[in-house]
file coords-v4.cif (mmCIF, C-alpha atoms and all ligand atoms)
data_input
loop_
_atom_site.label_atom_id
_atom_site.label_comp_id
_atom_site.auth_asym_id
_atom_site.auth_seq_id
_atom_site.Cartn_x
_atom_site.Cartn_y
_atom_site.Cartn_z
CA MET A 14 9.17 292.87 -52.92
CA ARG A 15 10.24 290.06 -55.13
CA ASN A 16 9.24 287.48 -52.54
CA LEU A 17 5.72 288.88 -52.51
CA THR A 18 5.10 289.31 -56.23
CA GLN A 19 5.71 285.65 -56.97
CA PRO A 20 2.88 284.37 -54.77
CA VAL A 21 0.62 287.21 -55.93
CA LEU A 22 1.31 286.32 -59.56
CA LYS A 23 0.73 282.69 -58.79
CA LEU A 24 -2.55 283.52 -57.11
CA GLY A 25 -3.52 285.63 -60.12
CA TYR A 26 -2.74 282.74 -62.42
CA LEU A 27 -4.68 280.34 -60.25
CA LEU A 28 -7.69 282.67 -60.28
CA LEU A 29 -7.42 282.99 -64.06
CA VAL A 30 -7.34 279.23 -64.41
CA ILE A 31 -10.36 278.88 -62.14
CA THR A 32 -12.23 281.57 -64.04
CA VAL A 33 -11.50 280.05 -67.43
CA PHE A 34 -12.29 276.56 -66.19
CA GLY A 35 -15.50 277.83 -64.62
CA ALA A 36 -16.49 279.54 -67.83
CA VAL A 37 -15.82 276.40 -69.85
CA GLN A 38 -17.84 274.38 -67.37
CA ALA A 39 -20.71 276.83 -67.48
CA PHE A 40 -20.59 276.75 -71.26
CA SER A 41 -20.60 272.98 -71.49
CA GLN A 42 -23.49 272.83 -69.02
CA GLU A 43 -25.58 275.27 -71.04
CA PRO A 44 -28.99 273.60 -71.31
CA SER A 45 -29.54 272.11 -74.76
CA PRO A 46 -32.22 273.91 -76.79
CA PRO A 47 -35.75 272.59 -76.10
CA ALA A 48 -36.80 269.63 -78.24
CA LYS A 49 -38.81 270.53 -81.34
CA THR A 50 -42.58 270.35 -81.18
CA ALA A 51 -44.53 268.42 -83.80
CA ALA A 52 -45.76 271.70 -85.25
CA GLU A 53 -42.18 272.88 -85.73
CA ALA A 54 -40.94 269.63 -87.21
CA PHE A 55 -43.84 268.76 -89.54
CA LYS A 56 -45.72 270.73 -92.19
CA ASN A 57 -49.38 270.52 -91.32
CA ILE A 58 -50.01 269.88 -87.64
CA GLN A 59 -53.19 271.52 -86.39
CA VAL A 60 -54.12 269.59 -83.26
CA LEU A 61 -51.03 267.82 -81.89
CA LYS A 62 -49.04 271.06 -82.10
CA ASP A 63 -47.33 271.00 -78.71
CA MET A 64 -46.51 267.30 -78.74
CA PRO A 65 -42.74 266.64 -78.88
CA ALA A 66 -41.89 265.88 -82.51
CA SER A 67 -40.40 262.54 -81.45
CA ASP A 68 -43.83 261.43 -80.13
CA LEU A 69 -45.65 261.94 -83.43
CA MET A 70 -44.68 258.67 -85.11
CA PRO A 71 -45.44 256.52 -82.03
CA THR A 72 -48.84 258.25 -81.91
CA MET A 73 -49.45 257.42 -85.58
CA LYS A 74 -48.54 253.78 -84.91
CA HIS A 75 -51.09 253.76 -82.07
CA PHE A 76 -53.75 255.03 -84.47
CA THR A 77 -53.10 252.15 -86.88
CA LYS A 78 -53.30 249.57 -84.09
CA ASP A 79 -56.29 251.14 -82.38
CA LEU A 80 -58.33 251.27 -85.58
CA GLY A 81 -56.89 248.15 -87.25
CA VAL A 82 -55.80 250.09 -90.33
CA LYS A 83 -52.65 251.10 -92.21
CA CYS A 84 -51.28 254.61 -92.63
CA ASP A 85 -53.07 255.02 -95.97
CA PHE A 86 -56.45 254.80 -94.23
CA CYS A 87 -55.92 258.46 -93.31
CA HIS A 88 -53.01 259.51 -95.53
CA VAL A 89 -52.25 259.90 -99.19
CA GLN A 90 -49.10 257.77 -99.40
CA GLY A 91 -45.96 259.82 -99.73
CA ALA A 92 -47.74 263.08 -98.79
CA PHE A 93 -48.49 262.80 -95.12
CA ASP A 94 -49.07 266.54 -94.75
CA LYS A 95 -52.00 266.60 -97.20
CA ASP A 96 -55.57 266.70 -95.92
CA ASP A 97 -57.15 264.96 -98.94
CA LYS A 98 -58.65 262.05 -97.02
CA HIS A 99 -61.74 262.69 -95.01
CA GLU A 100 -60.63 260.02 -92.51
CA LYS A 101 -57.73 262.30 -91.54
CA ILE A 102 -60.12 265.18 -90.95
CA ILE A 103 -62.35 262.93 -88.80
CA ALA A 104 -59.26 261.69 -86.93
CA ARG A 105 -58.42 265.29 -85.94
CA LYS A 106 -61.92 265.70 -84.52
CA MET A 107 -61.58 262.38 -82.70
CA ILE A 108 -58.26 263.45 -81.13
CA LEU A 109 -59.95 266.60 -79.84
CA MET A 110 -62.98 264.65 -78.63
CA ALA A 111 -60.87 262.10 -76.72
CA HIS A 112 -58.83 264.93 -75.22
CA GLN A 113 -61.99 266.74 -74.15
CA ILE A 114 -63.42 263.60 -72.53
CA ASN A 115 -60.19 263.17 -70.53
CA THR A 116 -60.07 266.83 -69.52
CA ASP A 117 -63.68 266.87 -68.39
CA ASN A 118 -63.75 263.53 -66.61
CA PHE A 119 -60.30 262.11 -65.85
CA HIS A 120 -58.18 265.01 -64.58
CA ASP A 121 -56.39 265.21 -67.94
CA HIS A 122 -55.14 261.63 -67.67
CA PRO A 123 -55.27 259.87 -71.05
CA ARG A 124 -57.78 257.27 -69.84
CA VAL A 125 -59.94 257.33 -72.95
CA THR A 126 -57.92 256.56 -76.06
CA CYS A 127 -58.85 255.61 -79.59
CA TRP A 128 -58.66 251.97 -78.47
CA THR A 129 -61.24 252.52 -75.71
CA CYS A 130 -63.93 252.85 -78.35
CA HIS A 131 -62.44 251.43 -81.54
CA ARG A 132 -60.90 248.20 -80.19
CA GLY A 133 -59.02 247.60 -83.40
CA ALA A 134 -61.96 248.40 -85.67
CA GLN A 135 -62.67 251.31 -88.00
CA GLU A 136 -66.15 251.72 -86.61
CA PRO A 137 -66.82 251.19 -82.92
CA GLU A 138 -69.78 249.09 -81.91
CA SER A 139 -72.52 250.68 -79.85
CA LYS A 140 -73.81 247.49 -78.30
CA PRO A 141 -72.55 243.99 -77.60
CA PRO A 142 -72.73 241.78 -80.72
CA GLU A 143 -74.90 239.17 -79.00
CA ALA A 144 -77.24 241.83 -77.63
CA THR A 145 -80.84 240.71 -77.42
CA PRO A 146 -83.64 242.82 -76.03
CA ALA A 147 -83.53 242.56 -72.23
CA THR A 148 -87.23 241.85 -71.79
CA GLN A 149 -88.69 239.32 -74.16
C1 LIG B 201 -56.61 257.44 -88.02
C2 LIG B 201 -55.94 258.32 -88.94
C3 LIG B 201 -54.44 258.26 -89.06
C4 LIG B 201 -53.64 257.15 -89.26
C5 LIG B 201 -54.06 255.70 -89.36
C6 LIG B 201 -52.30 257.66 -89.41
N1 LIG B 201 -52.28 259.01 -89.30
FE1 LIG B 201 -50.65 260.24 -89.55
N2 LIG B 201 -51.81 261.87 -89.13
C7 LIG B 201 -53.16 261.82 -88.83
C8 LIG B 201 -53.60 263.15 -88.49
C9 LIG B 201 -55.01 263.55 -88.09
C10 LIG B 201 -52.47 263.99 -88.61
C11 LIG B 201 -52.44 265.50 -88.36
C12 LIG B 201 -52.41 265.77 -86.87
C13 LIG B 201 -52.65 267.22 -86.54
O1 LIG B 201 -53.09 267.99 -87.39
O2 LIG B 201 -52.42 267.57 -85.37
C14 LIG B 201 -51.36 263.15 -89.03
C15 LIG B 201 -50.08 263.61 -89.30
C16 LIG B 201 -49.03 262.83 -89.75
C17 LIG B 201 -47.73 263.31 -90.14
C18 LIG B 201 -47.29 264.77 -90.19
C19 LIG B 201 -47.35 265.27 -91.63
C20 LIG B 201 -47.01 266.74 -91.77
O3 LIG B 201 -45.93 267.04 -92.33
O4 LIG B 201 -47.80 267.57 -91.31
C21 LIG B 201 -46.98 262.23 -90.50
C22 LIG B 201 -45.54 262.23 -91.00
C23 LIG B 201 -47.82 261.06 -90.33
N3 LIG B 201 -49.07 261.45 -89.88
C24 LIG B 201 -47.41 259.78 -90.58
C25 LIG B 201 -48.21 258.65 -90.39
C26 LIG B 201 -47.72 257.30 -90.56
C27 LIG B 201 -46.31 256.91 -90.99
C28 LIG B 201 -48.77 256.47 -90.29
C29 LIG B 201 -48.80 254.96 -90.25
C30 LIG B 201 -47.87 254.36 -89.32
C31 LIG B 201 -49.92 257.32 -89.95
N4 LIG B 201 -49.52 258.62 -90.02
C32 LIG B 201 -51.18 256.84 -89.63
C33 LIG B 201 -53.97 260.72 -88.86
C34 LIG B 201 -53.55 259.42 -89.07
C1 LIG B 202 -65.80 257.85 -77.37
C2 LIG B 202 -65.59 256.86 -78.42
C3 LIG B 202 -64.53 257.16 -79.48
C4 LIG B 202 -63.22 257.49 -79.28
C5 LIG B 202 -62.49 257.71 -77.98
C6 LIG B 202 -62.63 257.58 -80.60
N1 LIG B 202 -63.56 257.34 -81.56
FE1 LIG B 202 -63.25 257.39 -83.55
N2 LIG B 202 -65.22 256.93 -83.87
C7 LIG B 202 -66.14 256.73 -82.88
C8 LIG B 202 -67.42 256.39 -83.47
C9 LIG B 202 -68.71 256.06 -82.72
C10 LIG B 202 -67.21 256.41 -84.89
C11 LIG B 202 -68.21 256.11 -85.99
C12 LIG B 202 -68.88 257.39 -86.37
C13 LIG B 202 -69.93 257.17 -87.43
O1 LIG B 202 -70.39 256.06 -87.61
O2 LIG B 202 -70.29 258.18 -88.07
C14 LIG B 202 -65.81 256.77 -85.09
C15 LIG B 202 -65.22 256.92 -86.32
C16 LIG B 202 -63.90 257.24 -86.55
C17 LIG B 202 -63.29 257.41 -87.85
C18 LIG B 202 -64.02 257.25 -89.18
C19 LIG B 202 -63.95 255.80 -89.55
C20 LIG B 202 -64.52 255.50 -90.91
O3 LIG B 202 -64.71 254.29 -91.19
O4 LIG B 202 -64.75 256.43 -91.67
C21 LIG B 202 -61.98 257.70 -87.64
C22 LIG B 202 -60.93 257.95 -88.71
C23 LIG B 202 -61.77 257.71 -86.21
N3 LIG B 202 -62.96 257.43 -85.58
C24 LIG B 202 -60.56 257.93 -85.61
C25 LIG B 202 -60.36 257.97 -84.23
C26 LIG B 202 -59.09 258.23 -83.62
C27 LIG B 202 -57.78 258.47 -84.35
C28 LIG B 202 -59.29 258.21 -82.27
C29 LIG B 202 -58.30 258.49 -81.16
C30 LIG B 202 -57.70 259.81 -81.18
C31 LIG B 202 -60.71 257.94 -82.06
N4 LIG B 202 -61.30 257.79 -83.27
C32 LIG B 202 -61.30 257.88 -80.82
C33 LIG B 202 -65.94 256.78 -81.51
C34 LIG B 202 -64.73 257.08 -80.91
#

call {"tool": "encode", "arguments": {"input": "coords-v4.cif", "output": "structure tokens", "more": "lines below"}}
Ligand code: HEC
Ligand code: HEC
result
Amino acid sequence: MRNLTQPVLKLGYLLLVITVFGAVQAFSQEPSPPAKTAAEAFKNIQVLKDMPASDLMPTMKHFTKDLGVKCDFCHVQGAFDKDDKHEKIIARKMILMAHQINTDNFHDHPRVTCWTCHRGAQEPESKPPEATPATQ
């Protein structure tokens, strides 16, 4: 009997090791919790809710470039969550408008951006600057 128990014990030990190792592996491979959304990470997000929180600042930087402004064009400095400035309210509408244009016309691809219209200016132009009546 003695000759048999040794290998059986060894096998048992080996299985235990495999099980524990497997468990540790499974534990360490546990998927990390999903990244926070902008709505979860910031105080007052009404439109860009599902955007990953890490994309919010790059988006804000795009806004400044696209409109040729600084953060305080839309924000009360030091209180980014406040809605005191009417430019911020308009910006929310513009985000929705651009999104709608892309949904309706460009298969959800972000083809139309703030830059498409604004071109680095607060107010987009509706006609070329040198426009003269076509027939004159
Ligand atoms: C053209 C307007 C505009 C400009 C310029 C702008 N933002 Fe924003 N920002 C917004 C809008 C609109 C929201 C809210 C988005 C929403 O409700 O989904 C927002 C939200 C934020 C928030 C989240 C605040 C909270 O806690 O809810 C931060 C932080 C922020 N902006 C920082 C910045 C910084 C920094 C800059 C300059 C680099 C900047 N923004 C430039 C329009 C702007
Ligand atoms: C389809 C063209 C178009 C797109 C795209 C667009 N805008 Fe505008 N935006 C306009 C027009 C036109 C005006 C001027 C409205 C007026 O004169 O009343 C304007 C005005 C604004 C204003 C007010 C400016 C002021 O001087 O008071 C803000 C803020 C603004 N847009 C932000 C944005 C942001 C942010 C985006 C991108 C998410 C964006 N816009 C995308 C056409 C556009």

call {"tool": "residues_around", "arguments": {"input": "coords-v4.cif", "residues": "His75 in chain A", "least_positions_apart": "6", "cutoff": "10 Å", "atoms": "only C-alpha atoms", "output": "list in words"}}
result
Leu69, Gly81, Thr126, Cys127 and Trp128 of chain A

call {"tool": "residues_near_ligand", "arguments": {"input": "coords-v4.cif", "ligand": "ligand LIG 202 (chain B)", "cutoff": "9 Å", "atoms": "all atoms listed in the file", "output": "ChimeraX atom specification"}}
result
/A:73,75-77,79-80,86-87,99-112,114,125-131,134-139

call {"tool": "residues_around", "arguments": {"input": "coords-v4.cif", "residues": "range 49-61 of chain A", "least_positions_apart": "2", "cutoff": "10 Å", "atoms": "only C-alpha atoms", "output": "PyMOL selection string"}}
result
chain A and resi 46-47+63-70+72+93-96+105-106+108-109

call {"tool": "atom_distance", "arguments": {"input": "coords-v4.cif", "atom1": "CA of Phe119 in chain A", "atom2": "CA of Val82 in chain A"}}
result
27.6 Å

call {"tool": "closest_residue", "arguments": {"input": "coords-v4.cif", "among": "A:Pro142, A:Cys84, A:Ser45, A:Asn118", "to": "ligand LIG 201 (chain B)", "atoms": "only C-alpha atoms and all ligand atoms"}}
result
A:Cys84

call {"tool": "atom_distance", "arguments": {"input": "coords-v4.cif", "atom1": "CA of Thr116 in chain A", "atom2": "CA of Asp85 in chain A"}}
result
29.8 Å

call {"tool": "atom_distance", "arguments": {"input": "coords-v4.cif", "atom1": "atom C29 of ligand LIG 201 (chain B)", "atom2": "CA of Gly133 in chain A"}}
result
14.3 Å

call {"tool": "closest_residue", "arguments": {"input": "coords-v4.cif", "among": "A:Glu143, A:Asp97, A:Lys62, A:Val89", "to": "ligand LIG 201 (chain B)", "atoms": "only C-alpha atoms and all ligand atoms"}}
result
A:Lys62
